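Input: a single structure, listed below in C-alpha cells.
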Amino acid sequence: SQQGEEDPQALSIQEGENATMNCSYKTSINNLQWYRQNSGRGLVHLILIRSNEREKHSGRLRVTLDTSKKSSSLLITASRAADTASYFCATDRFRGSTLGRLYFGRGTQLTVWP
Amino acid sequence: DGGITQSPKYLFRKEGQNVTLSCEQNLNHDAMYWYRQDPGQGLRLIYYSQIVNDFQKGDIAEGYSVSREKKESFPLTVTSAQKNPTAFYLCASSTSRTVLNQPQHFGDGTRLSIL
C-alpha cells in the first residue's frame, strides 16, 4: 500500500551538480513530505509542502508540488558528497481517508562523487 | 536533547524465540509508529499508536505485537510467528494524532537478524 513512488531509483552525480528526484502518488493529499536516510540510520525530515503550496525552499533544497499531476520533485542544488543518501517522499492520505499515518515510497538512492 | 532512542542497535533471534525492541521518546509526542525496512525498500508500517493505551495495525502486523502503556514508550515484540524477521526496524513519533501537517521524527533503528 505504498502511495508514493520515487523516480529514479538511483542517481549518481558529481559534486557541484544539481540532483532532481521525483515522486508520484495516486490519491489526493493534505501534504507531502521529503525525508533523507543515511546508510544504517533513521530518516530525517527535510521539508513538508502543503497541498495548497506549489513550491518551497530550504537552503539548497527546492521542492515543487503539482497536485493536478499528483507529483512532486526535490531539487538539491550544488550537491556535495555529504548529500549521498536515500531520499523518500511520504504522503498523509491514501484512498480518501486520513488514518493518522504516512505512506512512504521506495526511495531514490543518491550518490554524489567528489 | 530531545529525541527517540531505539535499543538495542543490533539484535539476534533464535528460532522459536520472541524478542522485544525498545523505543523511547522524550519529545512529548502523542503518536508513535513502528516500520520495517528491507534492503533497497521503502518503509512498511507495522503498528502505530495515536494515544496511550490505544494502537492500530499497519500493513504488516502479522507476527508482531505492541503495547503503549506510557506516552514515552512503544515497545515492539517480534514473535516466533514472524517467519522472516530479518530487517531494519525503525520507530518514529509525531506531535499530532491526525498527522496533518506534522513531520515524523525517527530513531536510529534496530537491525534484527536470525541466528
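Chain labels A, B, ... are given in the sequence in which chains occur in the C-alpha cells; within each chain residues are numbered consecutively from 1, and ligands are likewise numbered from 1 in the order shown.
The environment of segment 38-52 of chain A within 6 Å, counting only C-alpha atoms and disregarding residues fewer than 2 places along the same chain, consists of Asn30, Asn31, Leu32, Gln33, Trp34, Tyr35, Arg36 and Ala85 of chain A; Phe106, Gly107, Asp108 and Gly109 of chain B.
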May I have the selected residues written with all heavy atoms, as an mmCIF file, in the first residue's frame?
```cif
data_model
loop_
_atom_site.group_PDB
_atom_site.id
_atom_site.type_symbol
_atom_site.label_atom_id
_atom_site.label_comp_id
_atom_site.auth_asym_id
_atom_site.auth_seq_id
_atom_site.Cartn_x
_atom_site.Cartn_y
_atom_site.Cartn_z
ATOM 1 N N ASN A 30 -3.171 15.868 1.830
ATOM 2 C CA ASN A 30 -3.118 17.128 2.568
ATOM 3 C C ASN A 30 -1.725 17.735 2.466
ATOM 4 O O ASN A 30 -1.587 18.940 2.368
ATOM 5 C CB ASN A 30 -3.459 16.905 4.046
ATOM 6 C CG ASN A 30 -4.888 16.517 4.256
ATOM 7 O OD1 ASN A 30 -5.800 17.185 3.784
ATOM 8 N ND2 ASN A 30 -5.098 15.412 4.949
ATOM 9 N N ASN A 31 -0.726 16.880 2.558
ATOM 10 C CA ASN A 31 0.634 17.368 2.418
ATOM 11 C C ASN A 31 1.550 16.255 1.939
ATOM 12 O O ASN A 31 1.186 15.078 1.990
ATOM 13 C CB ASN A 31 1.152 17.969 3.730
ATOM 14 C CG ASN A 31 1.352 16.928 4.803
ATOM 15 O OD1 ASN A 31 2.266 16.119 4.730
ATOM 16 N ND2 ASN A 31 0.501 16.942 5.821
ATOM 17 N N LEU A 32 2.707 16.642 1.470
ATOM 18 C CA LEU A 32 3.723 15.691 1.029
ATOM 19 C C LEU A 32 5.023 16.070 1.726
ATOM 20 O O LEU A 32 5.347 17.254 1.855
ATOM 21 C CB LEU A 32 3.881 15.741 -0.495
ATOM 22 C CG LEU A 32 4.831 14.718 -1.132
ATOM 23 C CD1 LEU A 32 4.275 14.239 -2.471
ATOM 24 C CD2 LEU A 32 6.219 15.283 -1.284
ATOM 25 N N GLN A 33 5.725 15.060 2.182
ATOM 26 C CA GLN A 33 6.966 15.315 2.917
ATOM 27 C C GLN A 33 8.124 14.589 2.241
ATOM 28 O O GLN A 33 7.940 13.524 1.646
ATOM 29 C CB GLN A 33 6.831 14.830 4.366
ATOM 30 C CG GLN A 33 5.669 15.471 5.112
ATOM 31 C CD GLN A 33 5.550 14.969 6.543
ATOM 32 O OE1 GLN A 33 6.544 14.655 7.182
ATOM 33 N NE2 GLN A 33 4.326 14.899 7.030
ATOM 34 N N TRP A 34 9.305 15.161 2.382
ATOM 35 C CA TRP A 34 10.532 14.507 1.909
ATOM 36 C C TRP A 34 11.427 14.227 3.111
ATOM 37 O O TRP A 34 11.574 15.065 4.001
ATOM 38 C CB TRP A 34 11.271 15.404 0.909
ATOM 39 C CG TRP A 34 10.644 15.412 -0.454
ATOM 40 C CD1 TRP A 34 9.706 16.287 -0.928
ATOM 41 C CD2 TRP A 34 10.914 14.503 -1.533
ATOM 42 N NE1 TRP A 34 9.377 15.979 -2.229
ATOM 43 C CE2 TRP A 34 10.115 14.897 -2.622
ATOM 44 C CE3 TRP A 34 11.768 13.397 -1.687
ATOM 45 C CZ2 TRP A 34 10.127 14.221 -3.849
ATOM 46 C CZ3 TRP A 34 11.782 12.735 -2.904
ATOM 47 C CH2 TRP A 34 10.978 13.149 -3.967
ATOM 48 N N TYR A 35 12.025 13.034 3.083
ATOM 49 C CA TYR A 35 12.922 12.597 4.136
ATOM 50 C C TYR A 35 14.229 12.113 3.516
ATOM 51 O O TYR A 35 14.270 11.667 2.376
ATOM 52 C CB TYR A 35 12.308 11.439 4.940
ATOM 53 C CG TYR A 35 11.161 11.819 5.826
ATOM 54 C CD1 TYR A 35 9.874 11.991 5.308
ATOM 55 C CD2 TYR A 35 11.344 12.004 7.196
ATOM 56 C CE1 TYR A 35 8.813 12.338 6.124
ATOM 57 C CE2 TYR A 35 10.281 12.345 8.025
ATOM 58 C CZ TYR A 35 9.027 12.509 7.485
ATOM 59 O OH TYR A 35 7.978 12.852 8.295
ATOM 60 N N ARG A 36 15.261 12.140 4.329
ATOM 61 C CA ARG A 36 16.578 11.669 3.923
ATOM 62 C C ARG A 36 17.010 10.572 4.880
ATOM 63 O O ARG A 36 16.730 10.648 6.089
ATOM 64 C CB ARG A 36 17.547 12.848 3.984
ATOM 65 C CG ARG A 36 19.015 12.501 3.966
ATOM 66 C CD ARG A 36 19.840 13.689 4.417
ATOM 67 N NE ARG A 36 21.213 13.303 4.615
ATOM 68 C CZ ARG A 36 22.235 13.865 3.984
ATOM 69 N NH1 ARG A 36 22.028 14.853 3.131
ATOM 70 N NH2 ARG A 36 23.456 13.450 4.223
ATOM 71 N N ALA A 85 22.846 9.751 0.090
ATOM 72 C CA ALA A 85 21.837 9.192 0.998
ATOM 73 C C ALA A 85 20.673 8.679 0.159
ATOM 74 O O ALA A 85 20.652 8.849 -1.059
ATOM 75 C CB ALA A 85 21.342 10.261 1.969
ATOM 76 N N PHE B 106 12.462 10.191 13.718
ATOM 77 C CA PHE B 106 12.856 8.795 13.725
ATOM 78 C C PHE B 106 14.013 8.511 14.671
ATOM 79 O O PHE B 106 14.891 9.360 14.889
ATOM 80 C CB PHE B 106 13.277 8.360 12.321
ATOM 81 C CG PHE B 106 12.130 8.134 11.390
ATOM 82 C CD1 PHE B 106 11.494 9.203 10.769
ATOM 83 C CD2 PHE B 106 11.674 6.850 11.133
ATOM 84 C CE1 PHE B 106 10.411 8.998 9.922
ATOM 85 C CE2 PHE B 106 10.606 6.628 10.268
ATOM 86 C CZ PHE B 106 9.982 7.705 9.672
ATOM 87 N N GLY B 107 14.001 7.283 15.218
ATOM 88 C CA GLY B 107 15.168 6.774 15.904
ATOM 89 C C GLY B 107 16.170 6.245 14.897
ATOM 90 O O GLY B 107 15.929 6.276 13.679
ATOM 91 N N ASP B 108 17.276 5.716 15.395
ATOM 92 C CA ASP B 108 18.335 5.232 14.512
ATOM 93 C C ASP B 108 18.248 3.748 14.206
ATOM 94 O O ASP B 108 19.177 3.184 13.623
ATOM 95 C CB ASP B 108 19.706 5.566 15.092
ATOM 96 C CG ASP B 108 20.254 6.881 14.550
ATOM 97 O OD1 ASP B 108 19.731 7.333 13.506
ATOM 98 O OD2 ASP B 108 21.165 7.444 15.167
ATOM 99 N N GLY B 109 17.152 3.124 14.606
ATOM 100 C CA GLY B 109 16.866 1.778 14.144
ATOM 101 C C GLY B 109 17.500 0.656 14.942
ATOM 102 O O GLY B 109 18.474 0.836 15.671
#
```
Report task. Define the interface residues of chain B facing chain A as those within 10 Å, counting only C-alpha atoms, and report them as a ChimeraX atom specification. Result -> /B:31-33,37,40-45,47-50,56,58-59,88-92,94,96-111
Limited to N, CA and C atoms, could you put the picked residues into a file as a compact mmCIF listing (two decimals), in the first residue's frame?
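result_31.txt was written with the following content:
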```txt
# COMPACT_ATOMS: atom_id res chain seq x y z
N ALA B 31 1.78 10.55 19.09
CA ALA B 31 1.73 9.42 18.15
C ALA B 31 3.10 8.76 18.01
N MET B 32 3.08 7.43 17.93
CA MET B 32 4.30 6.66 17.72
C MET B 32 4.04 5.57 16.70
N TYR B 33 5.12 5.18 15.99
CA TYR B 33 4.99 4.28 14.84
C TYR B 33 6.13 3.28 14.83
N GLN B 37 11.97 -2.03 7.41
CA GLN B 37 12.61 -1.67 6.15
C GLN B 37 13.50 -2.83 5.72
N GLY B 40 16.95 -2.01 0.20
CA GLY B 40 16.53 -1.38 -1.05
C GLY B 40 15.05 -1.08 -1.12
N GLN B 41 14.36 -1.19 0.00
CA GLN B 41 12.91 -0.98 0.01
C GLN B 41 12.54 0.25 0.81
N GLY B 42 11.30 0.64 0.66
CA GLY B 42 10.77 1.72 1.47
C GLY B 42 10.36 1.22 2.84
N LEU B 43 9.63 2.05 3.55
CA LEU B 43 9.20 1.72 4.90
C LEU B 43 7.79 1.13 4.86
N ARG B 44 7.60 0.04 5.56
CA ARG B 44 6.28 -0.55 5.68
C ARG B 44 5.83 -0.45 7.13
N LEU B 45 4.61 0.00 7.33
CA LEU B 45 4.10 0.26 8.67
C LEU B 45 3.64 -1.02 9.33
N TYR B 47 2.80 -1.22 13.14
CA TYR B 47 1.78 -0.78 14.09
C TYR B 47 1.97 0.72 14.32
N TYR B 48 0.90 1.37 14.73
CA TYR B 48 1.01 2.73 15.18
C TYR B 48 0.05 3.00 16.32
N SER B 49 0.41 4.01 17.10
CA SER B 49 -0.38 4.37 18.26
C SER B 49 -0.57 5.88 18.27
N GLN B 50 -1.80 6.30 18.37
CA GLN B 50 -2.06 7.74 18.35
C GLN B 50 -2.23 8.31 19.75
N GLN B 56 -3.13 0.70 16.53
CA GLN B 56 -3.78 0.13 15.35
C GLN B 56 -2.77 -0.66 14.53
N GLY B 58 -0.87 -1.80 11.24
CA GLY B 58 -0.48 -1.21 9.98
C GLY B 58 -0.67 -2.22 8.86
N ASP B 59 0.24 -2.18 7.90
CA ASP B 59 0.10 -3.03 6.71
C ASP B 59 0.65 -4.44 6.90
N PHE B 88 15.52 -4.17 9.11
CA PHE B 88 15.88 -2.98 9.87
C PHE B 88 14.57 -2.38 10.38
N TYR B 89 14.46 -2.21 11.71
CA TYR B 89 13.21 -1.73 12.31
C TYR B 89 13.40 -0.29 12.79
N LEU B 90 12.47 0.55 12.38
CA LEU B 90 12.53 1.98 12.70
C LEU B 90 11.31 2.39 13.50
N CYS B 91 11.55 3.15 14.54
CA CYS B 91 10.50 3.72 15.36
C CYS B 91 10.44 5.22 15.08
N ALA B 92 9.25 5.77 15.09
CA ALA B 92 9.07 7.20 14.83
C ALA B 92 8.00 7.76 15.73
N SER B 94 5.36 11.53 16.26
CA SER B 94 4.94 12.84 15.77
C SER B 94 4.02 13.48 16.79
N SER B 96 1.17 15.20 16.36
CA SER B 96 -0.27 15.24 16.15
C SER B 96 -0.85 13.87 15.95
N ARG B 97 -1.98 13.60 16.55
CA ARG B 97 -2.64 12.33 16.36
C ARG B 97 -3.17 12.17 14.94
N THR B 98 -3.46 13.27 14.30
CA THR B 98 -4.01 13.17 12.94
C THR B 98 -2.92 13.23 11.88
N VAL B 99 -1.71 13.52 12.27
CA VAL B 99 -0.56 13.59 11.37
C VAL B 99 -0.69 14.73 10.37
N LEU B 100 -1.76 15.49 10.44
CA LEU B 100 -1.94 16.56 9.47
C LEU B 100 -0.85 17.60 9.64
N ASN B 101 -0.08 17.80 8.57
CA ASN B 101 0.96 18.83 8.56
C ASN B 101 1.99 18.65 9.66
N GLN B 102 2.28 17.43 10.05
CA GLN B 102 3.29 17.19 11.07
C GLN B 102 4.34 16.22 10.56
N PRO B 103 5.62 16.54 10.76
CA PRO B 103 6.66 15.60 10.36
C PRO B 103 6.81 14.49 11.40
N GLN B 104 7.42 13.39 10.98
CA GLN B 104 7.75 12.33 11.91
C GLN B 104 9.23 12.39 12.25
N HIS B 105 9.54 12.07 13.51
CA HIS B 105 10.91 12.03 13.99
C HIS B 105 11.29 10.58 14.20
N PHE B 106 12.46 10.19 13.72
CA PHE B 106 12.86 8.79 13.72
C PHE B 106 14.01 8.51 14.67
N GLY B 107 14.00 7.28 15.22
CA GLY B 107 15.17 6.77 15.90
C GLY B 107 16.17 6.24 14.90
N ASP B 108 17.28 5.72 15.39
CA ASP B 108 18.33 5.23 14.51
C ASP B 108 18.25 3.75 14.21
N GLY B 109 17.15 3.12 14.61
CA GLY B 109 16.87 1.78 14.14
C GLY B 109 17.50 0.66 14.94
N THR B 110 16.89 -0.52 14.79
CA THR B 110 17.42 -1.78 15.32
C THR B 110 17.51 -2.76 14.17
N ARG B 111 18.68 -3.35 14.00
CA ARG B 111 18.86 -4.34 12.93
C ARG B 111 18.71 -5.73 13.56
```
Using only C-alpha atoms, determine which residues lie at most 9 Å from segment 24-29 of chain B, disregarding the query and same-chain residues fewer than 4 positions distant; provide the list as a PDB file with C-alpha atoms, in the first residue's frame.
```pdb
ATOM      1  CA  ASP B   1      18.397  16.932  23.929  1.00  0.00           C
ATOM      2  CA  GLY B   2      15.006  15.601  22.878  1.00  0.00           C
ATOM      3  CA  GLY B   3      14.806  12.597  20.616  1.00  0.00           C
ATOM      4  CA  ILE B   4      13.927   8.980  20.058  1.00  0.00           C
ATOM      5  CA  THR B   5      16.094   6.192  21.386  1.00  0.00           C
ATOM      6  CA  GLN B   6      15.915   2.703  19.969  1.00  0.00           C
ATOM      7  CA  SER B   7      17.689  -0.220  21.588  1.00  0.00           C
ATOM      8  CA  LYS B  71       3.332   8.053  26.397  1.00  0.00           C
ATOM      9  CA  GLU B  72       7.123   7.820  26.163  1.00  0.00           C
ATOM     10  CA  SER B  73       7.396   4.137  25.294  1.00  0.00           C
ATOM     11  CA  PHE B  74       6.204   1.939  22.405  1.00  0.00           C
ATOM     12  CA  PRO B  75       7.957  -1.468  22.504  1.00  0.00           C
ATOM     13  CA  CYS B  91      10.495   3.719  15.360  1.00  0.00           C
ATOM     14  CA  ALA B  92       9.072   7.197  14.828  1.00  0.00           C
ATOM     15  CA  SER B  93       6.916   9.732  16.623  1.00  0.00           C
ATOM     16  CA  SER B  94       4.940  12.843  15.772  1.00  0.00           C
ATOM     17  CA  THR B  95       3.138  15.544  17.712  1.00  0.00           C
ATOM     18  CA  SER B  96      -0.266  15.245  16.153  1.00  0.00           C
ATOM     19  CA  ARG B  97      -2.640  12.332  16.360  1.00  0.00           C
ATOM     20  CA  GLY B 107      15.168   6.774  15.904  1.00  0.00           C
TER      21      GLY B 107
END
```
Query raised in the report: Where in segment 51-90 of chain B does DSSP assign strand (DSSP E or B), given as a PyMOL selection string?
Result: chain B and resi 51+54-57+64-66+70+73+76-78+87-90
Requested in this report: Excluding His57 of chain A and any residue of its chain fewer than 4 positions from it, enumerate the residues within 12 Å of it, using only C-alpha atoms, and give them as a VMD selection string.
Outcome: chain A and resid 46 to 49 53 61 to 65 73 to 77
